[in-house]
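A.B. asks: I'd like to ask you about the structure that follows.
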Amino acid sequence: MKAFIENLPKAELHLHIEGSFEPALMFKIANRNKIDIPYKSVEEIEKAYKFNCLQDFLDIYYQGASVLITAQDFYDLTYSYLQKCATQNVRHTEIMFDPQTHTERGIEFKTVINGISKACEDAKENLGVTSLLIMSYLRHLSEEEAFKTLAQSIPFKDKITAVGLDSSEKGNPPSKFKNVYEASIKEGYIPVAHAGEEGNADYVWEALNLLKIKRIDHGNNALQDEKLIEEIKKRDLALTVCPLSNTALQVVTDLKDHPLKKMMNLGLKVTINSDDPAYFGGQVNQNFIEIQKALNLTKADIYELVKNSFQYSFLDDKTKQIYLTELENYYKLNN
Ligand code: HPA
Ligand code: ZN
């Protein structure tokens with residue numbers, strides 16, 4: 001089963017590039033930029049990476065991201081993640097980045113986007129991994145700040161496919177960002193949002209009805225509301241589920257209690273993703289391996305999840321079909 005999972009061609013649809021920042025690279029970049037970080041060793045970092053909730057994690061995540069200064073730093077961060085994609089048979093990835101985590105510290109928007117997008121171009125050329133970018137607004141900041149970010153993104157519109165919403169969910173409902181989502185959609189960005197990770201089903205309703213999202217990041221708490229489940233199915237929206245993130249942030253107590261299989265049985269379209277792999281104990285393959293074991297998933301279940309990852313990506317239909325055919329051929333030979 002492990003080899004079956006590892007060799008499957010797959011897509012990742014929920015990944016924060018700042019959350020892929022591995023300790024070794026963090027040390028290297030901090031040194032290069034002559035920035036002190038509050039850890040002396042990888043062991044100290046690992047000790048610090050114990051979280052009780054989303055906010056605990058976010059505090060450490062923003063601190064880690066603060067050593068990123070130059071376009072080269074953003075390039076190295078992104079290319080390093082894309083190399084991991086290549087070794088895991090991730091053929092396509094949809095990468096979230098948080099411009100405000102950096103512009104708030106005085107880093108220019110163009111520095112961030114140029115470094116990240118150059119790494120994406122090089123990875124397509126050198127590694128055969130395709131990618132697209134999701135610019136995520138930080139929901140703990142104001143809508144006005146999000147509007148500033150939207151304006152900064154316009155000269156780089158051709159490099160960005162979608163907008164997302166992340167950071168501290170509770171107390172920052174989707175309704176806070178209704179206007180900036182409307183404006184983002186007018187600019188041609190596809191709307192997605194984190195919803196129902198720590199927030200309740202009402203947050204997911206708002207994301208659907210006010211932000212008009214085309215995909216739900218996490219969405220676990222949608223299960224609280226039967227009408228909502230039906231609405232998600234009616235709109236044919238996929239949920240980008242992140243098992244190891246859910247246990248690391250105590251959204252789910254134990255992987256054995258994870259609602260993934262329940263979601264699938266309800267007819268929801270689900271994908272498996274790593275969220276912030278450097279912080280939550282594993283890349284996407286590790287997420288598949290651990291959730292398969294915990295829930296006793298079959299090869300057919302895994303196939304369905306991986307098929308969804310291409311089907312519900314924002315790739316054009318022709319490229320989707322190429323990947324889906326490759327996947328189908330692999331499954332026929334290895335089932
Ligand atoms: N949830 C919300 N915001 C985030 C996350 C997450 O899992 N990762 C990075 N920003
Ligand atoms: Zn996330």
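Letters A, B, ... go to the chains of the structure tokens in the order shown; residues in each chain start at 1; ligands are counted from 1 in the same order.
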Could you list, as a PDB file with N, CA, C and O atoms, in the first residue's frame, every residue within 12 Å of segment 62-64 of chain A, counting only C-alpha atoms and ignoring same-chain residues fewer than 2 positions away?

C.D. replies:
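The resulting result.pdb:
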ATOM      1  N   HIS A  16       0.406  25.847   2.074  1.00  0.00           N
ATOM      2  CA  HIS A  16       0.894  27.214   2.308  1.00  0.00           C
ATOM      3  C   HIS A  16       2.392  27.195   2.115  1.00  0.00           C
ATOM      4  O   HIS A  16       3.092  26.456   2.828  1.00  0.00           O
ATOM      5  N   ILE A  17       2.896  28.001   1.194  1.00  0.00           N
ATOM      6  CA  ILE A  17       4.329  27.927   0.909  1.00  0.00           C
ATOM      7  C   ILE A  17       5.148  28.285   2.164  1.00  0.00           C
ATOM      8  O   ILE A  17       6.179  27.675   2.431  1.00  0.00           O
ATOM      9  N   GLU A  18       4.644  29.234   2.956  1.00  0.00           N
ATOM     10  CA  GLU A  18       5.358  29.599   4.193  1.00  0.00           C
ATOM     11  C   GLU A  18       5.357  28.434   5.191  1.00  0.00           C
ATOM     12  O   GLU A  18       6.218  28.371   6.065  1.00  0.00           O
ATOM     13  N   GLY A  19       4.395  27.544   5.055  1.00  0.00           N
ATOM     14  CA  GLY A  19       4.301  26.381   5.936  1.00  0.00           C
ATOM     15  C   GLY A  19       5.125  25.192   5.461  1.00  0.00           C
ATOM     16  O   GLY A  19       5.124  24.141   6.090  1.00  0.00           O
ATOM     17  N   SER A  20       5.802  25.375   4.335  1.00  0.00           N
ATOM     18  CA  SER A  20       6.687  24.310   3.832  1.00  0.00           C
ATOM     19  C   SER A  20       8.141  24.592   4.227  1.00  0.00           C
ATOM     20  O   SER A  20       9.046  23.913   3.776  1.00  0.00           O
ATOM     21  N   PHE A  21       8.316  25.633   5.065  1.00  0.00           N
ATOM     22  CA  PHE A  21       9.665  26.120   5.410  1.00  0.00           C
ATOM     23  C   PHE A  21      10.334  25.176   6.409  1.00  0.00           C
ATOM     24  O   PHE A  21      10.057  25.231   7.613  1.00  0.00           O
ATOM     25  N   GLU A  22      11.209  24.310   5.903  1.00  0.00           N
ATOM     26  CA  GLU A  22      11.872  23.307   6.749  1.00  0.00           C
ATOM     27  C   GLU A  22      12.947  23.974   7.619  1.00  0.00           C
ATOM     28  O   GLU A  22      13.623  24.906   7.162  1.00  0.00           O
ATOM     29  N   PRO A  23      13.156  23.483   8.849  1.00  0.00           N
ATOM     30  CA  PRO A  23      14.139  24.089   9.755  1.00  0.00           C
ATOM     31  C   PRO A  23      15.522  24.291   9.133  1.00  0.00           C
ATOM     32  O   PRO A  23      16.123  25.352   9.311  1.00  0.00           O
ATOM     33  N   ALA A  24      16.030  23.314   8.378  1.00  0.00           N
ATOM     34  CA  ALA A  24      17.390  23.441   7.816  1.00  0.00           C
ATOM     35  C   ALA A  24      17.481  24.654   6.887  1.00  0.00           C
ATOM     36  O   ALA A  24      18.445  25.427   6.948  1.00  0.00           O
ATOM     37  N   LEU A  25      16.471  24.831   6.046  1.00  0.00           N
ATOM     38  CA  LEU A  25      16.466  25.972   5.120  1.00  0.00           C
ATOM     39  C   LEU A  25      16.254  27.277   5.894  1.00  0.00           C
ATOM     40  O   LEU A  25      16.830  28.316   5.560  1.00  0.00           O
ATOM     41  N   MET A  26      15.446  27.206   6.948  1.00  0.00           N
ATOM     42  CA  MET A  26      15.211  28.398   7.779  1.00  0.00           C
ATOM     43  C   MET A  26      16.520  28.892   8.394  1.00  0.00           C
ATOM     44  O   MET A  26      16.827  30.082   8.370  1.00  0.00           O
ATOM     45  N   PHE A  27      17.308  27.956   8.923  1.00  0.00           N
ATOM     46  CA  PHE A  27      18.622  28.323   9.488  1.00  0.00           C
ATOM     47  C   PHE A  27      19.517  28.950   8.422  1.00  0.00           C
ATOM     48  O   PHE A  27      20.161  29.964   8.639  1.00  0.00           O
ATOM     49  N   ILE A  29      18.763  30.460   5.562  1.00  0.00           N
ATOM     50  CA  ILE A  29      18.322  31.785   5.100  1.00  0.00           C
ATOM     51  C   ILE A  29      18.484  32.827   6.215  1.00  0.00           C
ATOM     52  O   ILE A  29      18.898  33.966   5.959  1.00  0.00           O
ATOM     53  N   ALA A  30      18.208  32.430   7.452  1.00  0.00           N
ATOM     54  CA  ALA A  30      18.386  33.358   8.586  1.00  0.00           C
ATOM     55  C   ALA A  30      19.855  33.799   8.668  1.00  0.00           C
ATOM     56  O   ALA A  30      20.149  34.988   8.836  1.00  0.00           O
ATOM     57  N   ILE A  35      19.899  37.290  10.453  1.00  0.00           N
ATOM     58  CA  ILE A  35      18.747  37.458  11.347  1.00  0.00           C
ATOM     59  C   ILE A  35      18.825  36.386  12.425  1.00  0.00           C
ATOM     60  O   ILE A  35      19.093  35.216  12.132  1.00  0.00           O
ATOM     61  N   ASP A  36      18.607  36.810  13.667  1.00  0.00           N
ATOM     62  CA  ASP A  36      18.597  35.849  14.779  1.00  0.00           C
ATOM     63  C   ASP A  36      17.247  35.153  14.838  1.00  0.00           C
ATOM     64  O   ASP A  36      16.212  35.820  14.768  1.00  0.00           O
ATOM     65  N   ILE A  37      17.258  33.830  14.994  1.00  0.00           N
ATOM     66  CA  ILE A  37      15.990  33.155  15.286  1.00  0.00           C
ATOM     67  C   ILE A  37      16.107  32.530  16.676  1.00  0.00           C
ATOM     68  O   ILE A  37      17.213  32.224  17.129  1.00  0.00           O
ATOM     69  N   PRO A  38      14.978  32.378  17.360  1.00  0.00           N
ATOM     70  CA  PRO A  38      15.064  31.985  18.774  1.00  0.00           C
ATOM     71  C   PRO A  38      15.353  30.498  18.984  1.00  0.00           C
ATOM     72  O   PRO A  38      15.062  29.969  20.030  1.00  0.00           O
ATOM     73  N   TYR A  39      15.935  29.825  17.983  1.00  0.00           N
ATOM     74  CA  TYR A  39      16.260  28.403  18.138  1.00  0.00           C
ATOM     75  C   TYR A  39      17.725  28.185  17.793  1.00  0.00           C
ATOM     76  O   TYR A  39      18.258  28.816  16.887  1.00  0.00           O
ATOM     77  N   ILE A  45      13.739  23.472  17.596  1.00  0.00           N
ATOM     78  CA  ILE A  45      12.602  23.831  16.735  1.00  0.00           C
ATOM     79  C   ILE A  45      11.498  22.800  16.894  1.00  0.00           C
ATOM     80  O   ILE A  45      10.324  23.139  17.087  1.00  0.00           O
ATOM     81  N   ALA A  48       9.499  23.259  19.900  1.00  0.00           N
ATOM     82  CA  ALA A  48       8.590  24.416  19.838  1.00  0.00           C
ATOM     83  C   ALA A  48       7.337  24.121  19.010  1.00  0.00           C
ATOM     84  O   ALA A  48       6.320  24.788  19.166  1.00  0.00           O
ATOM     85  N   TYR A  49       7.438  23.117  18.133  1.00  0.00           N
ATOM     86  CA  TYR A  49       6.321  22.825  17.228  1.00  0.00           C
ATOM     87  C   TYR A  49       5.279  21.904  17.879  1.00  0.00           C
ATOM     88  O   TYR A  49       4.928  20.864  17.353  1.00  0.00           O
ATOM     89  N   GLN A  55      -4.087  29.185  16.633  1.00  0.00           N
ATOM     90  CA  GLN A  55      -3.350  30.409  16.964  1.00  0.00           C
ATOM     91  C   GLN A  55      -1.930  30.109  17.457  1.00  0.00           C
ATOM     92  O   GLN A  55      -0.982  30.812  17.089  1.00  0.00           O
ATOM     93  N   ASP A  56      -1.771  29.063  18.256  1.00  0.00           N
ATOM     94  CA  ASP A  56      -0.433  28.629  18.726  1.00  0.00           C
ATOM     95  C   ASP A  56       0.500  28.429  17.553  1.00  0.00           C
ATOM     96  O   ASP A  56       1.658  28.830  17.563  1.00  0.00           O
ATOM     97  N   PHE A  57      -0.036  27.742  16.544  1.00  0.00           N
ATOM     98  CA  PHE A  57       0.755  27.457  15.346  1.00  0.00           C
ATOM     99  C   PHE A  57       1.063  28.736  14.574  1.00  0.00           C
ATOM    100  O   PHE A  57       2.199  28.971  14.171  1.00  0.00           O
ATOM    101  N   LEU A  58       0.041  29.573  14.388  1.00  0.00           N
ATOM    102  CA  LEU A  58       0.218  30.771  13.557  1.00  0.00           C
ATOM    103  C   LEU A  58       1.314  31.681  14.120  1.00  0.00           C
ATOM    104  O   LEU A  58       2.100  32.254  13.372  1.00  0.00           O
ATOM    105  N   ASP A  59       1.386  31.787  15.449  1.00  0.00           N
ATOM    106  CA  ASP A  59       2.411  32.641  16.071  1.00  0.00           C
ATOM    107  C   ASP A  59       3.809  32.200  15.631  1.00  0.00           C
ATOM    108  O   ASP A  59       4.677  33.033  15.322  1.00  0.00           O
ATOM    109  N   ILE A  60       4.022  30.886  15.600  1.00  0.00           N
ATOM    110  CA  ILE A  60       5.338  30.346  15.237  1.00  0.00           C
ATOM    111  C   ILE A  60       5.571  30.410  13.729  1.00  0.00           C
ATOM    112  O   ILE A  60       6.674  30.696  13.260  1.00  0.00           O
ATOM    113  N   SER A  66       9.437  35.344   8.966  1.00  0.00           N
ATOM    114  CA  SER A  66      10.041  36.677   9.050  1.00  0.00           C
ATOM    115  C   SER A  66      11.516  36.710   8.636  1.00  0.00           C
ATOM    116  O   SER A  66      12.082  37.783   8.503  1.00  0.00           O
ATOM    117  N   VAL A  67      12.120  35.557   8.388  1.00  0.00           N
ATOM    118  CA  VAL A  67      13.521  35.579   7.903  1.00  0.00           C
ATOM    119  C   VAL A  67      13.576  35.690   6.385  1.00  0.00           C
ATOM    120  O   VAL A  67      14.660  35.837   5.801  1.00  0.00           O
ATOM    121  N   LEU A  68      12.444  35.636   5.719  1.00  0.00           N
ATOM    122  CA  LEU A  68      12.394  35.726   4.256  1.00  0.00           C
ATOM    123  C   LEU A  68      12.454  37.195   3.837  1.00  0.00           C
ATOM    124  O   LEU A  68      11.547  37.974   4.177  1.00  0.00           O
ATOM    125  N   ILE A  69      13.512  37.555   3.129  1.00  0.00           N
ATOM    126  CA  ILE A  69      13.712  38.974   2.787  1.00  0.00           C
ATOM    127  C   ILE A  69      13.799  39.204   1.268  1.00  0.00           C
ATOM    128  O   ILE A  69      13.134  40.079   0.738  1.00  0.00           O
ATOM    129  N   LEU A  77      12.723  28.860  -1.035  1.00  0.00           N
ATOM    130  CA  LEU A  77      11.628  28.245  -0.279  1.00  0.00           C
ATOM    131  C   LEU A  77      10.704  27.459  -1.218  1.00  0.00           C
ATOM    132  O   LEU A  77      10.363  26.298  -0.969  1.00  0.00           O
ATOM    133  N   ASP A  98       0.955  34.069   1.384  1.00  0.00           N
ATOM    134  CA  ASP A  98       0.350  35.137   2.192  1.00  0.00           C
ATOM    135  C   ASP A  98       1.138  36.436   1.990  1.00  0.00           C
ATOM    136  O   ASP A  98       2.050  36.727   2.763  1.00  0.00           O
ATOM    137  N   PRO A  99       0.814  37.255   0.995  1.00  0.00           N
ATOM    138  CA  PRO A  99       1.617  38.473   0.768  1.00  0.00           C
ATOM    139  C   PRO A  99       1.711  39.354   2.010  1.00  0.00           C
ATOM    140  O   PRO A  99       2.771  39.931   2.299  1.00  0.00           O
ATOM    141  N   GLN A 100       0.623  39.439   2.778  1.00  0.00           N
ATOM    142  CA  GLN A 100       0.613  40.377   3.915  1.00  0.00           C
ATOM    143  C   GLN A 100       1.578  39.977   5.038  1.00  0.00           C
ATOM    144  O   GLN A 100       2.036  40.837   5.787  1.00  0.00           O
ATOM    145  N   THR A 101       1.884  38.679   5.117  1.00  0.00           N
ATOM    146  CA  THR A 101       2.866  38.227   6.115  1.00  0.00           C
ATOM    147  C   THR A 101       4.209  38.912   5.846  1.00  0.00           C
ATOM    148  O   THR A 101       5.026  39.087   6.748  1.00  0.00           O
ATOM    149  N   HIS A 102       4.410  39.311   4.612  1.00  0.00           N
ATOM    150  CA  HIS A 102       5.681  39.896   4.206  1.00  0.00           C
ATOM    151  C   HIS A 102       5.574  41.413   3.993  1.00  0.00           C
ATOM    152  O   HIS A 102       6.438  42.154   4.452  1.00  0.00           O
ATOM    153  N   GLU A 104       3.632  43.438   5.420  1.00  0.00           N
ATOM    154  CA  GLU A 104       3.514  44.030   6.773  1.00  0.00           C
ATOM    155  C   GLU A 104       4.884  44.294   7.391  1.00  0.00           C
ATOM    156  O   GLU A 104       5.021  45.122   8.284  1.00  0.00           O
ATOM    157  N   ARG A 105       5.911  43.535   6.943  1.00  0.00           N
ATOM    158  CA  ARG A 105       7.276  43.687   7.482  1.00  0.00           C
ATOM    159  C   ARG A 105       8.127  44.576   6.577  1.00  0.00           C
ATOM    160  O   ARG A 105       9.345  44.645   6.746  1.00  0.00           O
ATOM    161  N   LEU A 138      -5.027  37.589   4.800  1.00  0.00           N
ATOM    162  CA  LEU A 138      -4.984  37.230   6.233  1.00  0.00           C
ATOM    163  C   LEU A 138      -6.242  37.764   6.906  1.00  0.00           C
ATOM    164  O   LEU A 138      -6.470  38.980   6.947  1.00  0.00           O
ATOM    165  N   SER A 167      -5.349  32.238   8.101  1.00  0.00           N
ATOM    166  CA  SER A 167      -5.049  32.783   9.423  1.00  0.00           C
ATOM    167  C   SER A 167      -6.213  32.525  10.405  1.00  0.00           C
ATOM    168  O   SER A 167      -7.028  31.648  10.156  1.00  0.00           O
ATOM    169  N   SER A 168      -6.269  33.303  11.491  1.00  0.00           N
ATOM    170  CA  SER A 168      -7.145  33.006  12.637  1.00  0.00           C
ATOM    171  C   SER A 168      -8.630  33.042  12.256  1.00  0.00           C
ATOM    172  O   SER A 168      -9.177  34.120  11.999  1.00  0.00           O
ATOM    173  N   ALA A 278       6.014  21.386   6.925  1.00  0.00           N
ATOM    174  CA  ALA A 278       7.198  21.509   7.782  1.00  0.00           C
ATOM    175  C   ALA A 278       6.806  21.572   9.262  1.00  0.00           C
ATOM    176  O   ALA A 278       7.618  21.299  10.141  1.00  0.00           O
ATOM    177  N   TYR A 279       5.562  21.918   9.524  1.00  0.00           N
ATOM    178  CA  TYR A 279       5.119  22.097  10.909  1.00  0.00           C
ATOM    179  C   TYR A 279       4.261  20.940  11.426  1.00  0.00           C
ATOM    180  O   TYR A 279       4.120  20.758  12.627  1.00  0.00           O
TER     181      TYR A 279
END

A.B. asks: Applying 12 Å and only C-alpha atoms, which residues near Ile322 of chain A remain after dropping the ones on its own chain fewer than 4 positions away? List them as a PyMOL selection string.

C.D. replies: chain A and resi 9+91-92+310-311+315-318+326-329

A.B. asks: Take the residues from that selection and write them out as a PDB file, in the first residue's frame, keeping N, CA, C and O atoms.

C.D. replies:
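Final output, out-v6.pdb:
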ATOM      1  N   PRO A   9       0.468   9.115  -9.298  1.00  0.00           N
ATOM      2  CA  PRO A   9       0.529  10.523  -9.718  1.00  0.00           C
ATOM      3  C   PRO A   9      -0.606  11.278  -9.032  1.00  0.00           C
ATOM      4  O   PRO A   9      -1.737  10.789  -8.986  1.00  0.00           O
ATOM      5  N   ARG A  91       2.278  15.739  -9.353  1.00  0.00           N
ATOM      6  CA  ARG A  91       2.456  16.277 -10.723  1.00  0.00           C
ATOM      7  C   ARG A  91       2.055  17.752 -10.799  1.00  0.00           C
ATOM      8  O   ARG A  91       2.528  18.488 -11.646  1.00  0.00           O
ATOM      9  N   HIS A  92       1.106  18.117  -9.921  1.00  0.00           N
ATOM     10  CA  HIS A  92       0.548  19.469  -9.997  1.00  0.00           C
ATOM     11  C   HIS A  92       0.231  19.946  -8.584  1.00  0.00           C
ATOM     12  O   HIS A  92      -0.257  19.174  -7.759  1.00  0.00           O
ATOM     13  N   PHE A 310      -7.091  15.930  -9.079  1.00  0.00           N
ATOM     14  CA  PHE A 310      -6.963  16.491 -10.437  1.00  0.00           C
ATOM     15  C   PHE A 310      -8.286  17.110 -10.881  1.00  0.00           C
ATOM     16  O   PHE A 310      -8.323  18.214 -11.421  1.00  0.00           O
ATOM     17  N   GLN A 311      -9.374  16.374 -10.642  1.00  0.00           N
ATOM     18  CA  GLN A 311     -10.697  16.807 -11.084  1.00  0.00           C
ATOM     19  C   GLN A 311     -11.060  18.188 -10.524  1.00  0.00           C
ATOM     20  O   GLN A 311     -11.632  19.007 -11.232  1.00  0.00           O
ATOM     21  N   LEU A 315      -6.867  23.513 -13.061  1.00  0.00           N
ATOM     22  CA  LEU A 315      -6.235  23.316 -14.369  1.00  0.00           C
ATOM     23  C   LEU A 315      -7.288  23.396 -15.473  1.00  0.00           C
ATOM     24  O   LEU A 315      -8.472  23.145 -15.223  1.00  0.00           O
ATOM     25  N   ASP A 316      -6.838  23.689 -16.693  1.00  0.00           N
ATOM     26  CA  ASP A 316      -7.771  23.644 -17.820  1.00  0.00           C
ATOM     27  C   ASP A 316      -8.133  22.187 -18.107  1.00  0.00           C
ATOM     28  O   ASP A 316      -7.399  21.271 -17.727  1.00  0.00           O
ATOM     29  N   ASP A 317      -9.267  21.989 -18.782  1.00  0.00           N
ATOM     30  CA  ASP A 317      -9.804  20.632 -18.975  1.00  0.00           C
ATOM     31  C   ASP A 317      -8.836  19.709 -19.705  1.00  0.00           C
ATOM     32  O   ASP A 317      -8.747  18.522 -19.381  1.00  0.00           O
ATOM     33  N   LYS A 318      -8.111  20.266 -20.656  1.00  0.00           N
ATOM     34  CA  LYS A 318      -7.208  19.425 -21.463  1.00  0.00           C
ATOM     35  C   LYS A 318      -6.072  18.872 -20.588  1.00  0.00           C
ATOM     36  O   LYS A 318      -5.766  17.682 -20.626  1.00  0.00           O
ATOM     37  N   GLU A 326      -3.196   9.487 -17.085  1.00  0.00           N
ATOM     38  CA  GLU A 326      -1.981   8.906 -16.482  1.00  0.00           C
ATOM     39  C   GLU A 326      -2.348   8.150 -15.190  1.00  0.00           C
ATOM     40  O   GLU A 326      -1.902   7.036 -14.949  1.00  0.00           O
ATOM     41  N   LEU A 327      -3.216   8.777 -14.404  1.00  0.00           N
ATOM     42  CA  LEU A 327      -3.646   8.169 -13.145  1.00  0.00           C
ATOM     43  C   LEU A 327      -4.421   6.870 -13.390  1.00  0.00           C
ATOM     44  O   LEU A 327      -4.181   5.850 -12.736  1.00  0.00           O
ATOM     45  N   GLU A 328      -5.325   6.930 -14.341  1.00  0.00           N
ATOM     46  CA  GLU A 328      -6.147   5.751 -14.660  1.00  0.00           C
ATOM     47  C   GLU A 328      -5.254   4.583 -15.098  1.00  0.00           C
ATOM     48  O   GLU A 328      -5.446   3.443 -14.665  1.00  0.00           O
ATOM     49  N   ASN A 329      -4.270   4.881 -15.921  1.00  0.00           N
ATOM     50  CA  ASN A 329      -3.352   3.832 -16.392  1.00  0.00           C
ATOM     51  C   ASN A 329      -2.569   3.247 -15.222  1.00  0.00           C
ATOM     52  O   ASN A 329      -2.375   2.037 -15.142  1.00  0.00           O
TER      53      ASN A 329
END

A.B. asks: Find the residues near ligand 1. Use a cut-off of 10 Å, count only C-alpha atoms and all ligand atoms, and write them as a PyMOL selection string.

C.D. replies: chain A and resi 14-20+53-55+57-58+61-62+96-98+136-140+164-169+193-198+217-218+242+245-246+248-249+274-277+279-280

A.B. asks: Could you name the residues that touch segment 174-184 of chain A at 6 Å or less, counting only C-alpha atoms, but leaving out those on the same chain fewer than 6 positions away, as a PyMOL selection string?

C.D. replies: chain A and resi 143+147+206-207+210-211

A.B. asks: Would you save the residues of that selection, restricted to C-alpha atoms, as a PDB file, in the first residue's frame?

C.D. replies:
ATOM      1  CA  GLU A 143     -10.791  44.157   4.725  1.00  0.00           C
ATOM      2  CA  PHE A 147      -8.009  45.647  -0.646  1.00  0.00           C
ATOM      3  CA  GLU A 206     -20.972  32.509   4.603  1.00  0.00           C
ATOM      4  CA  ALA A 207     -18.019  31.384   2.494  1.00  0.00           C
ATOM      5  CA  LEU A 210     -21.052  35.705   0.443  1.00  0.00           C
ATOM      6  CA  LEU A 211     -17.603  34.842  -0.923  1.00  0.00           C
TER       7      LEU A 211
END

A.B. asks: List every residue of segment 134-231 of chain A that DSSP, applied to the backbone of this structure, places in alpha helix (DSSP H), and write the result as a ChimeraX atom specification.

C.D. replies: /A:143-153,178-186,201-209,226-231

A.B. asks: Counting only C-alpha atoms and all ligand atoms, which of A:Asn172, A:Gln152, A:Thr240, A:Asn200 gets nearest to ligand 2?

C.D. replies: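 Nearest candidate to ligand 2 out of A:Asn172, A:Gln152, A:Thr240, A:Asn200: A:Thr240.
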
A.B. asks: In Å to one decimal, how far is atom CA of Tyr79 of chain A from atom CA of Ala123 of chain A?

C.D. replies: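 Going from atom CA of Ala123 of chain A over to atom CA of Tyr79 of chain A covers 6.8 Å.
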